[in-house]
$ cat query-v6.cif   # mmCIF, N, CA and C atoms and all ligand atoms
data_target
#
loop_
_atom_site.label_atom_id
_atom_site.label_comp_id
_atom_site.auth_asym_id
_atom_site.auth_seq_id
_atom_site.Cartn_x
_atom_site.Cartn_y
_atom_site.Cartn_z
N MET A 1 88.16 60.22 49.56
CA MET A 1 87.44 59.37 50.53
C MET A 1 86.83 58.15 49.81
N ASN A 2 86.74 57.04 50.54
CA ASN A 2 86.17 55.81 49.99
C ASN A 2 84.76 56.07 49.42
N ARG A 3 84.56 55.66 48.15
CA ARG A 3 83.31 55.98 47.46
C ARG A 3 82.07 55.37 48.16
N SER A 4 82.19 54.14 48.66
CA SER A 4 81.02 53.52 49.28
C SER A 4 80.63 54.23 50.58
N ILE A 5 81.62 54.80 51.28
CA ILE A 5 81.30 55.56 52.50
C ILE A 5 80.54 56.83 52.12
N VAL A 6 80.99 57.47 51.05
CA VAL A 6 80.31 58.70 50.59
C VAL A 6 78.87 58.37 50.20
N GLU A 7 78.68 57.29 49.45
CA GLU A 7 77.33 56.92 49.01
C GLU A 7 76.43 56.61 50.20
N LYS A 8 76.98 55.95 51.21
CA LYS A 8 76.20 55.62 52.41
C LYS A 8 75.81 56.90 53.15
N ALA A 9 76.78 57.81 53.26
CA ALA A 9 76.53 59.07 53.96
C ALA A 9 75.43 59.85 53.26
N GLN A 10 75.45 59.84 51.92
CA GLN A 10 74.41 60.55 51.16
C GLN A 10 73.05 59.93 51.41
N LYS A 11 73.02 58.61 51.50
CA LYS A 11 71.76 57.89 51.67
C LYS A 11 71.12 58.18 53.02
N TYR A 12 71.96 58.33 54.05
CA TYR A 12 71.42 58.48 55.40
C TYR A 12 71.29 59.92 55.87
N PHE A 13 71.76 60.86 55.05
CA PHE A 13 71.64 62.26 55.44
C PHE A 13 70.15 62.64 55.41
N THR A 14 69.66 63.23 56.49
CA THR A 14 68.22 63.52 56.54
C THR A 14 67.93 65.02 56.60
N THR A 15 66.82 65.38 56.00
CA THR A 15 66.31 66.76 56.05
C THR A 15 64.79 66.65 56.10
N GLY A 16 64.11 67.77 56.18
CA GLY A 16 62.65 67.75 56.08
C GLY A 16 62.25 67.68 54.61
N VAL A 17 61.00 67.37 54.39
CA VAL A 17 60.49 67.34 53.01
C VAL A 17 59.30 68.28 52.89
N SER A 18 59.29 69.07 51.83
CA SER A 18 58.15 69.95 51.57
C SER A 18 57.41 69.49 50.33
N LEU A 19 56.16 69.89 50.25
CA LEU A 19 55.36 69.61 49.07
C LEU A 19 55.21 70.94 48.33
N ILE A 20 55.78 71.01 47.14
CA ILE A 20 55.77 72.25 46.37
C ILE A 20 54.57 72.24 45.43
N THR A 21 53.70 73.22 45.60
CA THR A 21 52.50 73.30 44.75
C THR A 21 52.70 74.41 43.71
N SER A 22 52.12 74.18 42.53
CA SER A 22 52.26 75.15 41.44
C SER A 22 51.13 74.93 40.45
N SER A 23 51.02 75.85 39.48
CA SER A 23 50.00 75.66 38.44
C SER A 23 50.49 76.21 37.10
N SER A 24 49.85 75.69 35.99
CA SER A 24 50.16 76.08 34.60
C SER A 24 51.65 76.02 34.27
N PRO A 25 52.03 75.69 33.02
CA PRO A 25 51.21 75.17 31.92
C PRO A 25 50.86 73.69 32.08
N HIS A 26 51.42 73.03 33.08
CA HIS A 26 51.11 71.61 33.29
C HIS A 26 49.91 71.44 34.21
N GLY A 27 49.15 72.48 34.48
CA GLY A 27 47.99 72.37 35.37
C GLY A 27 48.42 72.37 36.83
N GLN A 28 47.44 72.29 37.73
CA GLN A 28 47.73 72.26 39.17
C GLN A 28 48.66 71.08 39.46
N ASN A 29 49.63 71.28 40.31
CA ASN A 29 50.58 70.20 40.53
C ASN A 29 51.18 70.25 41.93
N VAL A 30 51.75 69.12 42.31
CA VAL A 30 52.47 69.02 43.58
C VAL A 30 53.68 68.12 43.38
N MET A 31 54.82 68.50 43.93
CA MET A 31 56.00 67.63 43.91
C MET A 31 56.66 67.66 45.29
N ALA A 32 57.41 66.63 45.60
CA ALA A 32 58.15 66.59 46.87
C ALA A 32 59.50 67.25 46.67
N ALA A 33 59.95 68.04 47.65
CA ALA A 33 61.27 68.66 47.56
C ALA A 33 61.95 68.68 48.92
N GLU A 34 63.09 68.05 48.93
CA GLU A 34 63.90 67.99 50.14
C GLU A 34 64.84 69.19 50.19
N TRP A 35 65.25 69.64 49.00
CA TRP A 35 66.23 70.73 48.92
C TRP A 35 65.53 72.08 48.99
N THR A 36 65.07 72.39 50.18
CA THR A 36 64.33 73.63 50.44
C THR A 36 64.89 74.21 51.72
N MET A 37 65.32 75.47 51.70
CA MET A 37 65.88 76.04 52.92
C MET A 37 65.70 77.55 52.99
N GLN A 38 65.54 78.04 54.21
CA GLN A 38 65.45 79.48 54.39
C GLN A 38 66.87 80.05 54.33
N ILE A 39 67.05 81.13 53.56
CA ILE A 39 68.39 81.69 53.41
C ILE A 39 68.49 83.14 53.91
N SER A 40 67.37 83.74 54.33
CA SER A 40 67.42 85.11 54.87
C SER A 40 66.15 85.37 55.69
N TYR A 41 66.32 86.14 56.79
CA TYR A 41 65.15 86.56 57.59
C TYR A 41 64.53 87.82 57.01
N LYS A 42 65.39 88.84 56.79
CA LYS A 42 64.90 90.12 56.27
C LYS A 42 65.71 90.52 55.04
N PRO A 43 65.15 90.46 53.86
CA PRO A 43 63.82 89.98 53.55
C PRO A 43 63.76 88.46 53.73
N MET A 44 62.58 87.93 53.94
CA MET A 44 62.47 86.49 54.08
C MET A 44 62.67 85.84 52.71
N LEU A 45 63.71 85.06 52.62
CA LEU A 45 64.01 84.38 51.35
C LEU A 45 64.14 82.89 51.60
N ILE A 46 63.54 82.12 50.70
CA ILE A 46 63.65 80.66 50.78
C ILE A 46 64.21 80.17 49.45
N ALA A 47 65.21 79.32 49.51
CA ALA A 47 65.78 78.75 48.29
C ALA A 47 65.21 77.36 48.08
N ILE A 48 64.77 77.08 46.86
CA ILE A 48 64.37 75.71 46.53
C ILE A 48 65.14 75.29 45.29
N PHE A 49 65.46 74.04 45.23
CA PHE A 49 66.25 73.51 44.11
C PHE A 49 65.39 72.49 43.38
N ILE A 50 65.02 72.83 42.16
CA ILE A 50 64.11 71.97 41.39
C ILE A 50 64.73 71.63 40.05
N HIS A 51 64.74 70.35 39.73
CA HIS A 51 65.32 69.90 38.46
C HIS A 51 64.55 70.52 37.29
N GLU A 52 65.30 70.98 36.29
CA GLU A 52 64.64 71.69 35.18
C GLU A 52 63.73 70.80 34.34
N GLY A 53 63.85 69.48 34.50
CA GLY A 53 62.98 68.58 33.73
C GLY A 53 61.63 68.38 34.40
N ASN A 54 61.48 68.82 35.64
CA ASN A 54 60.22 68.61 36.36
C ASN A 54 59.12 69.54 35.85
N ALA A 55 57.88 69.03 35.87
CA ALA A 55 56.73 69.86 35.48
C ALA A 55 56.64 71.09 36.37
N THR A 56 56.98 70.92 37.63
CA THR A 56 56.94 72.04 38.59
C THR A 56 57.86 73.18 38.14
N PHE A 57 59.01 72.84 37.62
CA PHE A 57 59.96 73.86 37.16
C PHE A 57 59.32 74.73 36.08
N LYS A 58 58.66 74.07 35.13
CA LYS A 58 58.04 74.82 34.02
C LYS A 58 56.89 75.69 34.54
N ASN A 59 56.10 75.14 35.48
CA ASN A 59 55.00 75.92 36.06
C ASN A 59 55.54 77.19 36.73
N ILE A 60 56.53 77.01 37.57
CA ILE A 60 57.05 78.15 38.34
C ILE A 60 57.73 79.16 37.41
N LYS A 61 58.41 78.65 36.40
CA LYS A 61 59.08 79.55 35.46
C LYS A 61 58.04 80.46 34.78
N GLN A 62 56.88 79.91 34.51
CA GLN A 62 55.86 80.71 33.82
C GLN A 62 55.11 81.65 34.78
N THR A 63 54.66 81.14 35.92
CA THR A 63 53.82 81.96 36.80
C THR A 63 54.63 82.74 37.84
N ARG A 64 55.83 82.30 38.10
CA ARG A 64 56.72 82.90 39.11
C ARG A 64 56.10 82.86 40.51
N GLU A 65 55.17 81.92 40.74
CA GLU A 65 54.65 81.74 42.09
C GLU A 65 54.43 80.27 42.40
N PHE A 66 54.45 79.95 43.69
CA PHE A 66 54.31 78.55 44.10
C PHE A 66 54.05 78.51 45.61
N GLY A 67 53.68 77.34 46.10
CA GLY A 67 53.46 77.17 47.53
C GLY A 67 54.48 76.18 48.09
N ILE A 68 54.94 76.46 49.32
CA ILE A 68 55.77 75.48 50.03
C ILE A 68 54.94 74.99 51.20
N ASN A 69 54.59 73.72 51.17
CA ASN A 69 53.80 73.11 52.23
C ASN A 69 54.73 72.15 52.97
N VAL A 70 55.18 72.55 54.16
CA VAL A 70 56.12 71.70 54.91
C VAL A 70 55.34 70.49 55.41
N SER A 71 55.78 69.31 55.00
CA SER A 71 54.97 68.12 55.29
C SER A 71 55.13 67.63 56.73
N SER A 72 54.11 66.92 57.17
CA SER A 72 54.13 66.32 58.51
C SER A 72 54.27 64.81 58.38
N GLU A 73 54.44 64.14 59.52
CA GLU A 73 54.60 62.68 59.50
C GLU A 73 53.40 61.97 58.89
N GLU A 74 52.24 62.58 59.02
CA GLU A 74 51.01 61.97 58.49
C GLU A 74 50.98 61.97 56.96
N GLN A 75 51.91 62.66 56.35
CA GLN A 75 51.85 62.82 54.89
C GLN A 75 52.88 61.98 54.13
N THR A 76 53.32 60.91 54.73
CA THR A 76 54.32 60.04 54.07
C THR A 76 53.83 59.57 52.71
N MET A 77 52.58 59.14 52.65
CA MET A 77 52.03 58.65 51.38
C MET A 77 51.97 59.77 50.35
N ALA A 78 51.54 60.95 50.78
CA ALA A 78 51.46 62.10 49.87
C ALA A 78 52.85 62.43 49.32
N VAL A 79 53.87 62.38 50.19
CA VAL A 79 55.24 62.68 49.75
C VAL A 79 55.70 61.64 48.73
N ASN A 80 55.39 60.37 48.99
CA ASN A 80 55.78 59.32 48.05
C ASN A 80 55.15 59.51 46.67
N ILE A 81 53.89 59.89 46.68
CA ILE A 81 53.20 60.09 45.39
C ILE A 81 53.74 61.34 44.70
N ALA A 82 53.86 62.44 45.46
CA ALA A 82 54.33 63.71 44.87
C ALA A 82 55.75 63.59 44.34
N GLY A 83 56.56 62.78 45.00
CA GLY A 83 57.97 62.64 44.62
C GLY A 83 58.23 61.49 43.67
N GLY A 84 57.26 60.60 43.54
CA GLY A 84 57.47 59.39 42.74
C GLY A 84 56.88 59.45 41.34
N HIS A 85 56.08 60.47 41.10
CA HIS A 85 55.42 60.59 39.79
C HIS A 85 55.46 62.03 39.31
N SER A 86 55.43 62.20 38.00
CA SER A 86 55.43 63.56 37.43
C SER A 86 54.05 63.91 36.89
N ARG A 87 53.74 65.19 36.95
CA ARG A 87 52.49 65.70 36.37
C ARG A 87 52.46 65.47 34.86
N LYS A 88 53.64 65.20 34.30
CA LYS A 88 53.70 64.91 32.87
C LYS A 88 53.06 63.56 32.58
N GLU A 89 52.96 62.69 33.63
CA GLU A 89 52.34 61.36 33.45
C GLU A 89 50.93 61.34 34.01
N ILE A 90 50.76 61.84 35.23
CA ILE A 90 49.44 61.77 35.89
C ILE A 90 49.15 63.06 36.66
N ASP A 91 47.84 63.28 36.87
CA ASP A 91 47.40 64.42 37.68
C ASP A 91 47.38 63.95 39.13
N LYS A 92 48.49 64.16 39.83
CA LYS A 92 48.66 63.62 41.20
C LYS A 92 47.59 64.13 42.15
N LEU A 93 47.19 65.39 41.99
CA LEU A 93 46.21 65.97 42.91
C LEU A 93 44.83 65.34 42.78
N LYS A 94 44.62 64.58 41.69
CA LYS A 94 43.31 63.94 41.50
C LYS A 94 43.30 62.51 42.04
N ILE A 95 44.42 62.02 42.54
CA ILE A 95 44.45 60.65 43.08
C ILE A 95 43.61 60.63 44.36
N LYS A 96 42.68 59.70 44.40
CA LYS A 96 41.70 59.66 45.49
C LYS A 96 42.36 59.55 46.87
N ASP A 97 41.96 60.40 47.76
CA ASP A 97 42.41 60.41 49.17
C ASP A 97 43.91 60.66 49.38
N ALA A 98 44.63 61.02 48.32
CA ALA A 98 46.08 61.23 48.49
C ALA A 98 46.38 62.63 49.04
N PHE A 99 45.66 63.62 48.52
CA PHE A 99 45.91 65.01 48.94
C PHE A 99 44.61 65.65 49.37
N ASP A 100 44.67 66.29 50.53
CA ASP A 100 43.50 66.94 51.07
C ASP A 100 43.58 68.43 50.72
N THR A 101 43.33 68.73 49.43
CA THR A 101 43.49 70.14 49.01
C THR A 101 42.38 71.02 49.57
N ILE A 102 42.75 72.23 49.91
CA ILE A 102 41.74 73.18 50.39
C ILE A 102 41.65 74.33 49.41
N PRO A 103 40.49 74.99 49.36
CA PRO A 103 40.27 75.97 48.29
C PRO A 103 41.07 77.26 48.43
N SER A 104 42.36 77.17 48.39
CA SER A 104 43.22 78.35 48.40
C SER A 104 44.38 78.01 47.48
N LYS A 105 44.70 78.89 46.57
CA LYS A 105 45.70 78.57 45.54
C LYS A 105 47.02 78.09 46.14
N ASN A 106 47.45 76.94 45.71
CA ASN A 106 48.73 76.36 46.11
C ASN A 106 48.82 75.92 47.57
N LYS A 107 47.72 76.04 48.34
CA LYS A 107 47.77 75.56 49.72
C LYS A 107 47.20 74.14 49.74
N LEU A 108 47.93 73.24 50.38
CA LEU A 108 47.54 71.85 50.27
C LEU A 108 46.53 71.36 51.28
N SER A 109 46.92 71.27 52.53
CA SER A 109 46.00 70.68 53.50
C SER A 109 46.35 71.11 54.91
N HIS A 110 45.42 70.87 55.80
CA HIS A 110 45.65 71.22 57.20
C HIS A 110 46.67 70.29 57.85
N ASP A 111 47.01 69.19 57.17
CA ASP A 111 48.01 68.26 57.72
C ASP A 111 49.43 68.83 57.63
N CYS A 112 49.63 69.80 56.71
CA CYS A 112 50.98 70.37 56.57
C CYS A 112 51.34 71.15 57.83
N ARG A 113 52.63 71.14 58.16
CA ARG A 113 53.08 71.86 59.37
C ARG A 113 52.93 73.36 59.19
N VAL A 114 53.34 73.83 58.03
CA VAL A 114 53.26 75.27 57.78
C VAL A 114 53.22 75.47 56.27
N TYR A 115 52.58 76.58 55.87
CA TYR A 115 52.42 76.84 54.43
C TYR A 115 52.98 78.22 54.10
N TYR A 116 53.76 78.32 53.04
CA TYR A 116 54.30 79.60 52.59
C TYR A 116 53.83 79.85 51.16
N LYS A 117 53.24 81.01 50.96
CA LYS A 117 52.87 81.42 49.60
C LYS A 117 54.07 82.21 49.06
N CYS A 118 54.66 81.74 47.97
CA CYS A 118 55.93 82.33 47.53
C CYS A 118 55.82 82.92 46.12
N ARG A 119 56.63 83.96 45.89
CA ARG A 119 56.77 84.45 44.52
C ARG A 119 58.23 84.81 44.27
N MET A 120 58.60 84.75 42.99
CA MET A 120 60.01 85.00 42.61
C MET A 120 60.17 86.43 42.11
C1 LIG B 201 61.61 62.71 49.47
C2 LIG B 201 61.82 63.32 48.11
C3 LIG B 201 62.51 64.53 48.00
C4 LIG B 201 62.71 65.13 46.74
N1 LIG B 201 63.37 66.33 46.66
C5 LIG B 201 63.55 66.92 45.45
C6 LIG B 201 64.18 68.21 45.36
O1 LIG B 201 64.56 68.84 46.36
N2 LIG B 201 64.35 68.75 44.11
C7 LIG B 201 63.94 68.10 42.96
O2 LIG B 201 64.11 68.65 41.85
N3 LIG B 201 63.32 66.87 43.02
C8 LIG B 201 63.11 66.29 44.24
N4 LIG B 201 62.47 65.08 44.33
C9 LIG B 201 61.99 64.46 43.10
C10 LIG B 201 60.68 65.10 42.56
O3 LIG B 201 59.71 65.22 43.59
C11 LIG B 201 60.15 64.22 41.42
O4 LIG B 201 61.07 64.28 40.35
C12 LIG B 201 58.75 64.57 40.94
O5 LIG B 201 58.27 63.51 40.14
C13 LIG B 201 58.66 65.87 40.15
O6 LIG B 201 57.30 66.08 39.86
P1 LIG B 201 56.77 67.03 38.68
O7 LIG B 201 57.43 66.61 37.38
O8 LIG B 201 55.28 66.77 38.66
O9 LIG B 201 57.11 68.44 39.04
C14 LIG B 201 62.25 64.49 45.57
C15 LIG B 201 61.56 63.26 45.69
C16 LIG B 201 61.35 62.69 46.94
C17 LIG B 201 60.62 61.38 47.04
#
$ encode --input "query-v6.cif" --output "structure tokens"
Amino acid sequence: MNRSIVEKAQKYFTTGVSLITSSSPHGQNVMAAEWTMQISYKPMLIAIFIHEGNATFKNIKQTREFGINVSSEEQTMAVNIAGGHSRKEIDKLKIKDAFDTIPSKNKLSHDCRVYYKCRM
């Protein structure tokens, strides 16, 4: 197939975006992840695809737990920050007014559509 058509199709393919929360060894963190999908009802299984170079990957590899916060339309800015920067450079959760964290491990904010506490 024509390469430019394939590239265009990839660009316009849409899915939802989740905010993946995790902690240690890179500290509390959040990243944006589009490649997140439910793959089984019983048991409930969710697959997420995270690049091994991401701080989130190292956090989850160590703790084997993380949060999936399905983002809402109101969280466009949060998604841009979570997906545009790495915890290896900045502490994204400390950026003023970007994330409305609530005092529950890996749960982000009431703006999220739904929150899943996950373990591997
Ligand atoms: C809308 C959006 C969706 C993304 N989806 C994924 C994804 O599914 N998997 C992934 O590894 N990176 C994805 N990224 C890129 C990561 O969010 C990005 O590399 C981030 O800086 C990683 O943060 P961390 O190093 O703090 O973990 C996405 C970025 C954006 C903006």
$ residues_near_ligand --input "query-v6.cif" --ligand "ligand LIG 201 (chain B)" --cutoff "7 Å" --atoms "only C-alpha atoms and all ligand atoms" --output "VMD selection string"
chain A and resid 17 29 to 36 48 to 51 53 to 57 79 to 80 82 to 88
$ residues_around --input "query-v6.cif" --residues "region 75-77 of chain A" --least-positions-apart "6" --cutoff "8 Å" --atoms "all atoms listed in the file" --output "PyMOL selection string"
chain A and resi 83+98-99+111-112
$ write_last_selection --input "query-v6.cif" --atoms "N, CA and C atoms" --output "short mmCIF file (atom, residue, chain, number, x, y, z; two decimals), in the frame of the given file"
data_model
loop_
_atom_site.label_atom_id
_atom_site.label_comp_id
_atom_site.auth_asym_id
_atom_site.auth_seq_id
_atom_site.Cartn_x
_atom_site.Cartn_y
_atom_site.Cartn_z
N GLY A 83 56.56 62.78 45.00
CA GLY A 83 57.97 62.64 44.62
C GLY A 83 58.23 61.49 43.67
N ALA A 98 44.63 61.02 48.32
CA ALA A 98 46.08 61.23 48.49
C ALA A 98 46.38 62.63 49.04
N PHE A 99 45.66 63.62 48.52
CA PHE A 99 45.91 65.01 48.94
C PHE A 99 44.61 65.65 49.37
N ASP A 111 47.01 69.19 57.17
CA ASP A 111 48.01 68.26 57.72
C ASP A 111 49.43 68.83 57.63
N CYS A 112 49.63 69.80 56.71
CA CYS A 112 50.98 70.37 56.57
C CYS A 112 51.34 71.15 57.83
#
$ residues_around --input "query-v6.cif" --residues "Met37 (chain A)" --least-positions-apart "5" --cutoff "6.5 Å" --atoms "only N, CA and C atoms" --output "ChimeraX atom specification"
/A:45-48
$ closest_residue --input "query-v6.cif" --among "A:Asn69, A:Gln38, A:Asn2, A:Ser109" --to "Thr21 (chain A)" --atoms "only C-alpha atoms"
A:Asn69
$ select_by_dssp --input "query-v6.cif" --residues "chain A" --states "alpha helix (DSSP H)" --output "VMD selection string"
chain A and resid 3 to 12 55 to 63 76 to 84
$ decode --input "query-v6.cif" --residues "region 5-62 of chain A" --atoms "C-alpha atoms" --output "PDB file, in the first residue's frame"
ATOM      1  CA  ILE A   5      -1.721   6.700   2.850  1.00  0.00           C
ATOM      2  CA  VAL A   6      -0.525   4.397   5.626  1.00  0.00           C
ATOM      3  CA  GLU A   7       1.115   7.300   7.475  1.00  0.00           C
ATOM      4  CA  LYS A   8      -2.065   9.384   7.174  1.00  0.00           C
ATOM      5  CA  ALA A   9      -4.203   6.504   8.420  1.00  0.00           C
ATOM      6  CA  GLN A  10      -1.916   6.085  11.435  1.00  0.00           C
ATOM      7  CA  LYS A  11      -2.132   9.790  12.198  1.00  0.00           C
ATOM      8  CA  TYR A  12      -5.923   9.905  12.162  1.00  0.00           C
ATOM      9  CA  PHE A  13      -6.646   6.631  13.921  1.00  0.00           C
ATOM     10  CA  THR A  14      -8.241   7.543  17.255  1.00  0.00           C
ATOM     11  CA  THR A  15      -8.531   5.810  20.618  1.00  0.00           C
ATOM     12  CA  GLY A  16      -9.047   6.947  24.190  1.00  0.00           C
ATOM     13  CA  VAL A  17      -6.136   8.100  26.313  1.00  0.00           C
ATOM     14  CA  SER A  18      -5.409   7.011  29.870  1.00  0.00           C
ATOM     15  CA  LEU A  19      -3.126   8.508  32.466  1.00  0.00           C
ATOM     16  CA  ILE A  20      -0.944   5.772  33.937  1.00  0.00           C
ATOM     17  CA  THR A  21       0.173   6.466  37.495  1.00  0.00           C
ATOM     18  CA  SER A  22       3.043   4.672  39.216  1.00  0.00           C
ATOM     19  CA  SER A  23       5.701   5.119  41.883  1.00  0.00           C
ATOM     20  CA  SER A  24       9.400   4.244  42.620  1.00  0.00           C
ATOM     21  CA  PRO A  25      12.273   4.129  41.719  1.00  0.00           C
ATOM     22  CA  HIS A  26      11.594   7.316  39.734  1.00  0.00           C
ATOM     23  CA  GLY A  27       9.161   8.591  42.390  1.00  0.00           C
ATOM     24  CA  GLN A  28       5.436   9.264  41.905  1.00  0.00           C
ATOM     25  CA  ASN A  29       4.731   9.608  38.219  1.00  0.00           C
ATOM     26  CA  VAL A  30       2.114   9.925  35.512  1.00  0.00           C
ATOM     27  CA  MET A  31       2.347   9.230  31.772  1.00  0.00           C
ATOM     28  CA  ALA A  32      -0.179   9.282  28.929  1.00  0.00           C
ATOM     29  CA  ALA A  33      -0.991   5.955  27.265  1.00  0.00           C
ATOM     30  CA  GLU A  34      -3.175   5.395  24.276  1.00  0.00           C
ATOM     31  CA  TRP A  35      -2.301   1.718  23.938  1.00  0.00           C
ATOM     32  CA  THR A  36      -4.484   0.493  26.777  1.00  0.00           C
ATOM     33  CA  MET A  37      -7.239  -2.074  26.295  1.00  0.00           C
ATOM     34  CA  GLN A  38      -9.353  -4.552  28.186  1.00  0.00           C
ATOM     35  CA  ILE A  39      -8.563  -8.093  27.027  1.00  0.00           C
ATOM     36  CA  SER A  40     -10.718 -10.256  29.358  1.00  0.00           C
ATOM     37  CA  TYR A  41     -13.832  -9.933  31.556  1.00  0.00           C
ATOM     38  CA  LYS A  42     -13.227 -12.928  33.831  1.00  0.00           C
ATOM     39  CA  PRO A  43     -10.634 -12.537  35.123  1.00  0.00           C
ATOM     40  CA  MET A  44     -10.612  -8.836  34.366  1.00  0.00           C
ATOM     41  CA  LEU A  45      -7.419  -8.220  32.448  1.00  0.00           C
ATOM     42  CA  ILE A  46      -6.192  -4.985  30.919  1.00  0.00           C
ATOM     43  CA  ALA A  47      -3.216  -4.815  28.568  1.00  0.00           C
ATOM     44  CA  ILE A  48      -1.043  -1.716  28.480  1.00  0.00           C
ATOM     45  CA  PHE A  49       1.896  -1.169  26.175  1.00  0.00           C
ATOM     46  CA  ILE A  50       4.668   0.955  27.641  1.00  0.00           C
ATOM     47  CA  HIS A  51       8.026   1.701  26.051  1.00  0.00           C
ATOM     48  CA  GLU A  52      10.842   0.197  28.095  1.00  0.00           C
ATOM     49  CA  GLY A  53      12.705   3.517  28.129  1.00  0.00           C
ATOM     50  CA  ASN A  54       9.900   5.275  30.020  1.00  0.00           C
ATOM     51  CA  ALA A  55      10.243   6.012  33.739  1.00  0.00           C
ATOM     52  CA  THR A  56       6.806   4.429  34.162  1.00  0.00           C
ATOM     53  CA  PHE A  57       8.111   1.123  32.807  1.00  0.00           C
ATOM     54  CA  LYS A  58      10.849   0.994  35.455  1.00  0.00           C
ATOM     55  CA  ASN A  59       8.395   1.943  38.221  1.00  0.00           C
ATOM     56  CA  ILE A  60       5.912  -0.765  37.272  1.00  0.00           C
ATOM     57  CA  LYS A  61       8.642  -3.356  36.777  1.00  0.00           C
ATOM     58  CA  GLN A  62       9.761  -2.776  40.357  1.00  0.00           C
TER      59      GLN A  62
END
